[in-house]
Amino acid sequence: MLQKIKDFFTLKSFYLTLNENDLVSKQRFRLFKITTTFSLIVFIAFLYQALIVLTDHITTLVAISALFTLLFVNYFSLLVHKSQKIAYLSLVLILFLLLHIVTYYQGGVRNSGMFYLAGIILTAYMLLGNKGGKLMAILSVFHITWFYFVNRNTHWVSYELIGDDASLIDMDFLLTAIISILVVTAQSNYIEKTKNAIIKDILEKKEEVNKLSLVASKTNNGVIITNALGIAEYVNDGFVRLMGYTDSEIIGRKPSDLLHGEETDSQEVKKVDETLKRGESITTEIIKYRKDGSKIWIQESITPIIENGSIQKYIFIESDITQRKQAELQLNEYMVNLERTNRELDKFAYVVSHDLKAPLRAIGNLTEWIEEDLGKDTPETVLNNFEIIKSRVIRMEALINGILEYSKASRKDAVQETFAVASVIKDTFDLIGAPKNCKLDIGKNMPVITTEKIKLQQVFLNLLNNAVKFNDKQNKLIEVSVEELKSFWHFKIRDNGPGIEKKFHERIFVIFQTLNARDEVESTGIGLSIVRKIVEEMGGQIWLESETGKGSTFEFTWPKTTVRNLRHKTNPTVVTA
């Protein structure tokens, strides 16, 4: 509370509106506060003396009281109108009017208070500048001349505030002279300090300008400064190196007249011009031309310099982005080629699914028809060969389907769904049709997540199917558990099967690679490669922990895609096929 009161009386809110770099305005504001404070003390002294001595001069008392009140109002009204010129001019005039009034009661032209005119004139110079100081000097000369004639030709003046005794008049002169000398000395000292502060600020800014000038000359970026009409006033060495023009060739002309050419985007130029006219900064990318006629991509940042509400200059900072733009164009070309390749792959998939599967089905059907035509007398060896043909057809169709699934694994639409993982695992296990001697144990704390459900389901489908298919135990057991990491869910699918030697841990993720003979266990060798592809493209990892005879544990991480991934408490679930 005390701090707020202090801030109010010191006009802190107004001080904060002053430009941080405008040292002159800050110094004038400080002088305004000091002078107002000192003047209030003087007013109180005069008012006290007038109330005792000038009891018969009501008009004079009212005038002094009004000036005293006006001094207060002028000080605090600065918070409202925020015009320094009005506040400073009012202060000087109030002080002058007070001196003019009391001079009538202190001897007129013989008033020792005339010494204070020097302080008022000096204050006017400091607060209002050269013009204001000169006007106050002229007004002071008029004031002295006026009282000379008043003393000579009227009886308007008296010594009521001093007394008619010569010793009192002498004492008044002595005290007033000393006080006025002290005031002028204090003001002169203030001027000296202000001058030194301004000189120091100028030197610091000069040093800063020198540093900025060094940076501007050495940087590889081009710098152009134009006036409000867009005529170049300055270019740095970086611009000369970048565009090939000398400073004499560009200064005095519009840069666009020299730098724009056939491939310069006129619509972009128009947009830039409209933005700058509104006094807003803009960054653009545009084609320009060097002096030798070569084309160059430029990233251009333009900032208007606004003073007193109007644009005075523009600052252009330009950098060469030709290599980046060429890389972007090349990348766009790659993207076009990639899209074309994907379309061709889709056509290939169509051909595979229709033109290759149809003959396979025909072979299978023909085999069955031949079996039927041969009847019961068909030799055992022929029947076995027919079974081999049919199994090979089935295997070939499964292989084609696997290739299609592998090719589409990363190109399926990314549909985000929120679901309970435990439910997906149970549904997937039911889908693979596991035998009755196979038990699935879903661990507790399975999460509810938001992700691409189809892809996660495909991962579990392949891993659970393998855990069932390759398990050689009489009673098969599969355990699924999860661990929450900072950015991922860490899933584990453990089985009590035969296990896998360490040397095969990487091989099983390679497409078409299997560990069992295909006549022993029907497999395309594609499932785990699809799983790895999906997991890695989602940003996760998959690996195997296994030893021969100790079962296998497939582990993979799946990213937490949204903040809605919740920890869902569930009880351990045992599912028996």
# chains A, B, ... in the order shown; residues from 1 in each chain; ligands from 1
$ residues_around --residues "stretch 467-473 of chain A" --least-positions-apart "2" --cutoff "9 Å" --atoms "only C-alpha atoms" --output "list in words"
Ile432, Ala434, Pro435, Cys438, Asn462, Leu463, Leu464, Asn465, Asn475, Lys476, Leu477, Ile478, Ile493, Arg494, Asp495, Asn496, Gly497, Pro498, Gly499, Asn516, Val521, Gly551 and Ser552 of chain A
$ write_last_selection --atoms "C-alpha atoms" --output "compact mmCIF listing (two decimals), in the first residue's frame"
# COMPACT_ATOMS: atom_id res chain seq x y z
CA ILE A 432 -6.90 -66.83 -33.99
CA ALA A 434 -6.45 -71.20 -30.27
CA PRO A 435 -6.87 -74.85 -29.13
CA CYS A 438 -3.97 -73.02 -24.65
CA ASN A 462 0.89 -61.96 -35.27
CA LEU A 463 2.63 -62.32 -31.91
CA LEU A 464 -0.21 -64.30 -30.26
CA ASN A 465 -0.63 -66.48 -33.35
CA ASN A 475 -0.49 -77.26 -21.94
CA LYS A 476 0.27 -74.00 -23.69
CA LEU A 477 0.50 -70.78 -21.66
CA ILE A 478 0.73 -67.21 -22.99
CA ILE A 493 4.13 -61.46 -24.77
CA ARG A 494 5.66 -64.48 -23.06
CA ASP A 495 5.03 -68.14 -23.94
CA ASN A 496 6.19 -71.48 -22.49
CA GLY A 497 7.19 -72.85 -25.91
CA PRO A 498 10.52 -74.35 -27.05
CA GLY A 499 12.39 -71.05 -27.08
CA ASN A 516 10.95 -74.48 -39.04
CA VAL A 521 4.73 -75.73 -39.64
CA GLY A 551 10.14 -70.18 -23.79
CA SER A 552 10.15 -66.85 -25.63
$ residues_around --residues "stretch 222-232 of chain A" --least-positions-apart "3" --cutoff "8 Å" --atoms "only C-alpha atoms" --output "list of chain:residue names"
A:Ala216, A:Thr219, A:Val235, A:Asn236, A:Asp237, A:Gly238, A:Phe239, A:Val240, A:Leu242, A:Ile250, A:Ile251, A:Gly252, A:Arg253, A:Lys254, A:Pro255, A:Ile311, A:Gln312, A:Lys313, A:Tyr314, A:Ile315, A:Phe316, A:Ile317, A:Glu318, A:Ser319
$ write_last_selection --atoms "N, CA and C atoms" --output "short mmCIF file (atom, residue, chain, number, x, y, z; two decimals), in the first residue's frame"
data_model
loop_
_atom_site.label_atom_id
_atom_site.label_comp_id
_atom_site.auth_asym_id
_atom_site.auth_seq_id
_atom_site.Cartn_x
_atom_site.Cartn_y
_atom_site.Cartn_z
N ALA A 216 27.26 -5.20 -39.27
CA ALA A 216 26.56 -4.98 -40.53
C ALA A 216 27.50 -5.10 -41.72
N THR A 219 28.77 -9.13 -41.85
CA THR A 219 27.80 -10.22 -42.01
C THR A 219 27.62 -10.54 -43.49
N VAL A 235 23.60 0.74 -47.91
CA VAL A 235 23.74 -0.71 -48.10
C VAL A 235 25.05 -1.14 -47.45
N ASN A 236 25.08 -2.34 -46.89
CA ASN A 236 26.31 -2.81 -46.24
C ASN A 236 27.16 -3.61 -47.22
N ASP A 237 28.35 -4.00 -46.75
CA ASP A 237 29.27 -4.77 -47.59
C ASP A 237 28.68 -6.14 -47.94
N GLY A 238 27.87 -6.69 -47.00
CA GLY A 238 27.25 -7.99 -47.26
C GLY A 238 26.34 -7.94 -48.48
N PHE A 239 25.61 -6.82 -48.64
CA PHE A 239 24.74 -6.66 -49.82
C PHE A 239 25.58 -6.59 -51.08
N VAL A 240 26.68 -5.87 -51.03
CA VAL A 240 27.56 -5.75 -52.19
C VAL A 240 28.08 -7.11 -52.61
N LEU A 242 26.67 -10.00 -51.86
CA LEU A 242 25.56 -10.88 -52.21
C LEU A 242 25.02 -10.60 -53.61
N ILE A 250 23.48 1.55 -56.00
CA ILE A 250 22.17 1.27 -55.41
C ILE A 250 21.61 2.46 -54.63
N ILE A 251 22.50 3.23 -53.97
CA ILE A 251 22.05 4.36 -53.15
C ILE A 251 21.47 5.44 -54.06
N GLY A 252 20.31 5.96 -53.65
CA GLY A 252 19.62 6.97 -54.44
C GLY A 252 18.62 6.39 -55.42
N ARG A 253 18.50 5.06 -55.46
CA ARG A 253 17.55 4.41 -56.35
C ARG A 253 16.69 3.44 -55.56
N LYS A 254 15.58 3.01 -56.15
CA LYS A 254 14.76 1.97 -55.54
C LYS A 254 15.41 0.62 -55.82
N PRO A 255 15.74 -0.15 -54.78
CA PRO A 255 16.39 -1.45 -54.99
C PRO A 255 15.60 -2.36 -55.93
N ILE A 311 5.79 6.60 -40.98
CA ILE A 311 6.95 5.78 -41.38
C ILE A 311 8.07 6.71 -41.87
N GLN A 312 9.25 6.52 -41.31
CA GLN A 312 10.40 7.34 -41.69
C GLN A 312 11.37 6.58 -42.60
N LYS A 313 11.56 5.29 -42.30
CA LYS A 313 12.52 4.48 -43.05
C LYS A 313 12.07 3.03 -43.08
N TYR A 314 12.75 2.24 -43.93
CA TYR A 314 12.57 0.79 -43.96
C TYR A 314 13.95 0.14 -43.86
N ILE A 315 14.00 -0.95 -43.09
CA ILE A 315 15.25 -1.71 -42.99
C ILE A 315 15.01 -3.08 -43.61
N PHE A 316 15.83 -3.42 -44.61
CA PHE A 316 15.74 -4.72 -45.30
C PHE A 316 16.94 -5.56 -44.87
N ILE A 317 16.68 -6.80 -44.45
CA ILE A 317 17.75 -7.76 -44.19
C ILE A 317 17.53 -8.96 -45.10
N GLU A 318 18.52 -9.23 -45.96
CA GLU A 318 18.36 -10.24 -46.99
C GLU A 318 19.41 -11.34 -46.84
N SER A 319 18.98 -12.57 -47.06
CA SER A 319 19.91 -13.71 -47.00
C SER A 319 19.64 -14.65 -48.17
#
$ residues_around --residues "A:Thr428" --least-positions-apart "5" --cutoff "10 Å" --atoms "only C-alpha atoms" --output "list of chain:residue names"
A:Ala422, A:Ser423, A:Gly433, A:Gln457, A:Gln458, A:Val459, A:Phe460, A:Leu461, A:Asn462, A:Leu464, A:Asn465
$ residues_around --residues "A:Asp320" --least-positions-apart "2" --cutoff "9 Å" --atoms "only C-alpha atoms" --output "ChimeraX atom specification"
/A:220-222,242,296-299,318,322-324
$ write_last_selection --atoms "C-alpha atoms" --output "mmCIF file, in the first residue's frame"
data_model
loop_
_atom_site.group_PDB
_atom_site.id
_atom_site.type_symbol
_atom_site.label_atom_id
_atom_site.label_comp_id
_atom_site.auth_asym_id
_atom_site.auth_seq_id
_atom_site.Cartn_x
_atom_site.Cartn_y
_atom_site.Cartn_z
ATOM 1 C CA ASN A 220 27.015 -12.211 -45.132
ATOM 2 C CA ASN A 221 23.438 -10.968 -44.990
ATOM 3 C CA GLY A 222 22.587 -7.954 -47.098
ATOM 4 C CA LEU A 242 25.557 -10.881 -52.210
ATOM 5 C CA ILE A 296 18.936 -15.944 -56.589
ATOM 6 C CA TRP A 297 16.325 -16.888 -53.977
ATOM 7 C CA ILE A 298 16.255 -14.291 -51.187
ATOM 8 C CA GLN A 299 14.670 -14.452 -47.752
ATOM 9 C CA GLU A 318 18.363 -10.240 -46.993
ATOM 10 C CA THR A 322 18.950 -20.581 -53.032
ATOM 11 C CA GLN A 323 20.367 -23.921 -51.851
ATOM 12 C CA ARG A 324 17.471 -24.435 -49.458
#
$ select_by_dssp --residues "stretch 229-469 of chain A" --states "strand (DSSP E or B)" --output "ChimeraX atom specification"
/A:232-235,282-289,295-307,310-320,416-420,438-442,448-452
$ residues_around --residues "stretch 135-152 of chain A" --least-positions-apart "2" --cutoff "12 Å" --atoms "only C-alpha atoms" --output "MDAnalysis selection string"
chainID A and resid 89 92:93 95:97 99:133 154:159
$ write_last_selection --atoms "C-alpha atoms" --output "mmCIF file, in the first residue's frame"
data_model
loop_
_atom_site.group_PDB
_atom_site.id
_atom_site.type_symbol
_atom_site.label_atom_id
_atom_site.label_comp_id
_atom_site.auth_asym_id
_atom_site.auth_seq_id
_atom_site.Cartn_x
_atom_site.Cartn_y
_atom_site.Cartn_z
ATOM 1 C CA LEU A 89 4.907 25.415 -19.569
ATOM 2 C CA VAL A 92 7.004 28.074 -15.488
ATOM 3 C CA LEU A 93 4.018 30.407 -15.910
ATOM 4 C CA LEU A 95 6.093 30.538 -10.879
ATOM 5 C CA PHE A 96 6.287 33.717 -12.944
ATOM 6 C CA LEU A 97 2.752 34.780 -11.924
ATOM 7 C CA LEU A 99 6.660 36.367 -8.522
ATOM 8 C CA HIS A 100 4.694 39.022 -10.402
ATOM 9 C CA ILE A 101 1.984 39.195 -7.707
ATOM 10 C CA VAL A 102 4.289 39.354 -4.683
ATOM 11 C CA THR A 103 6.450 41.992 -6.386
ATOM 12 C CA TYR A 104 3.638 44.485 -5.800
ATOM 13 C CA TYR A 105 4.153 43.972 -2.029
ATOM 14 C CA GLN A 106 7.962 43.802 -2.026
ATOM 15 C CA GLY A 107 8.953 47.138 -3.516
ATOM 16 C CA GLY A 108 8.201 46.728 -7.224
ATOM 17 C CA VAL A 109 11.326 47.122 -9.348
ATOM 18 C CA ARG A 110 13.355 47.228 -6.131
ATOM 19 C CA ASN A 111 12.081 43.746 -5.186
ATOM 20 C CA SER A 112 14.933 41.419 -4.317
ATOM 21 C CA GLY A 113 12.788 38.641 -5.778
ATOM 22 C CA MET A 114 13.886 39.823 -9.233
ATOM 23 C CA PHE A 115 16.891 37.560 -8.645
ATOM 24 C CA TYR A 116 14.540 34.583 -8.956
ATOM 25 C CA LEU A 117 13.877 35.485 -12.597
ATOM 26 C CA ALA A 118 17.248 34.003 -13.471
ATOM 27 C CA GLY A 119 16.174 30.693 -11.980
ATOM 28 C CA ILE A 120 12.813 30.780 -13.778
ATOM 29 C CA ILE A 121 14.479 31.599 -17.127
ATOM 30 C CA LEU A 122 16.985 28.781 -16.608
ATOM 31 C CA THR A 123 14.152 26.385 -15.726
ATOM 32 C CA ALA A 124 12.317 27.409 -18.906
ATOM 33 C CA TYR A 125 15.401 26.680 -20.993
ATOM 34 C CA MET A 126 15.828 23.254 -19.398
ATOM 35 C CA LEU A 127 12.171 22.226 -19.517
ATOM 36 C CA LEU A 128 10.950 23.902 -22.697
ATOM 37 C CA GLY A 129 14.111 24.125 -24.753
ATOM 38 C CA ASN A 130 15.691 27.071 -26.502
ATOM 39 C CA LYS A 131 12.447 28.647 -27.734
ATOM 40 C CA GLY A 132 10.717 28.456 -24.360
ATOM 41 C CA GLY A 133 13.734 29.907 -22.584
ATOM 42 C CA THR A 154 1.892 54.947 -9.457
ATOM 43 C CA HIS A 155 1.383 54.056 -5.829
ATOM 44 C CA TRP A 156 0.552 50.392 -6.548
ATOM 45 C CA VAL A 157 3.644 48.937 -4.897
ATOM 46 C CA SER A 158 4.527 48.659 -1.203
ATOM 47 C CA TYR A 159 6.869 46.865 1.200
#
$ closest_residue --among "A:Glu262, A:Asp377, A:Thr367, A:Lys325" --to "A:Ile389" --atoms "only C-alpha atoms"
A:Thr367
$ atom_distance --atom1 "atom CA of A:Thr284" --atom2 "atom CA of A:Ile302"
8.5 Å
$ atom_distance --atom1 "atom CA of A:Val382" --atom2 "atom CA of A:Ile370"
10.6 Å
$ atom_distance --atom1 "atom CA of A:Glu547" --atom2 "atom CA of A:Lys502"
6.7 Å
$ residues_around --residues "A:Ala87" --least-positions-apart "5" --cutoff "8 Å" --atoms "only C-alpha atoms" --output "list in words"
Asn74, Tyr75, Ser77 and Leu78 of chain A
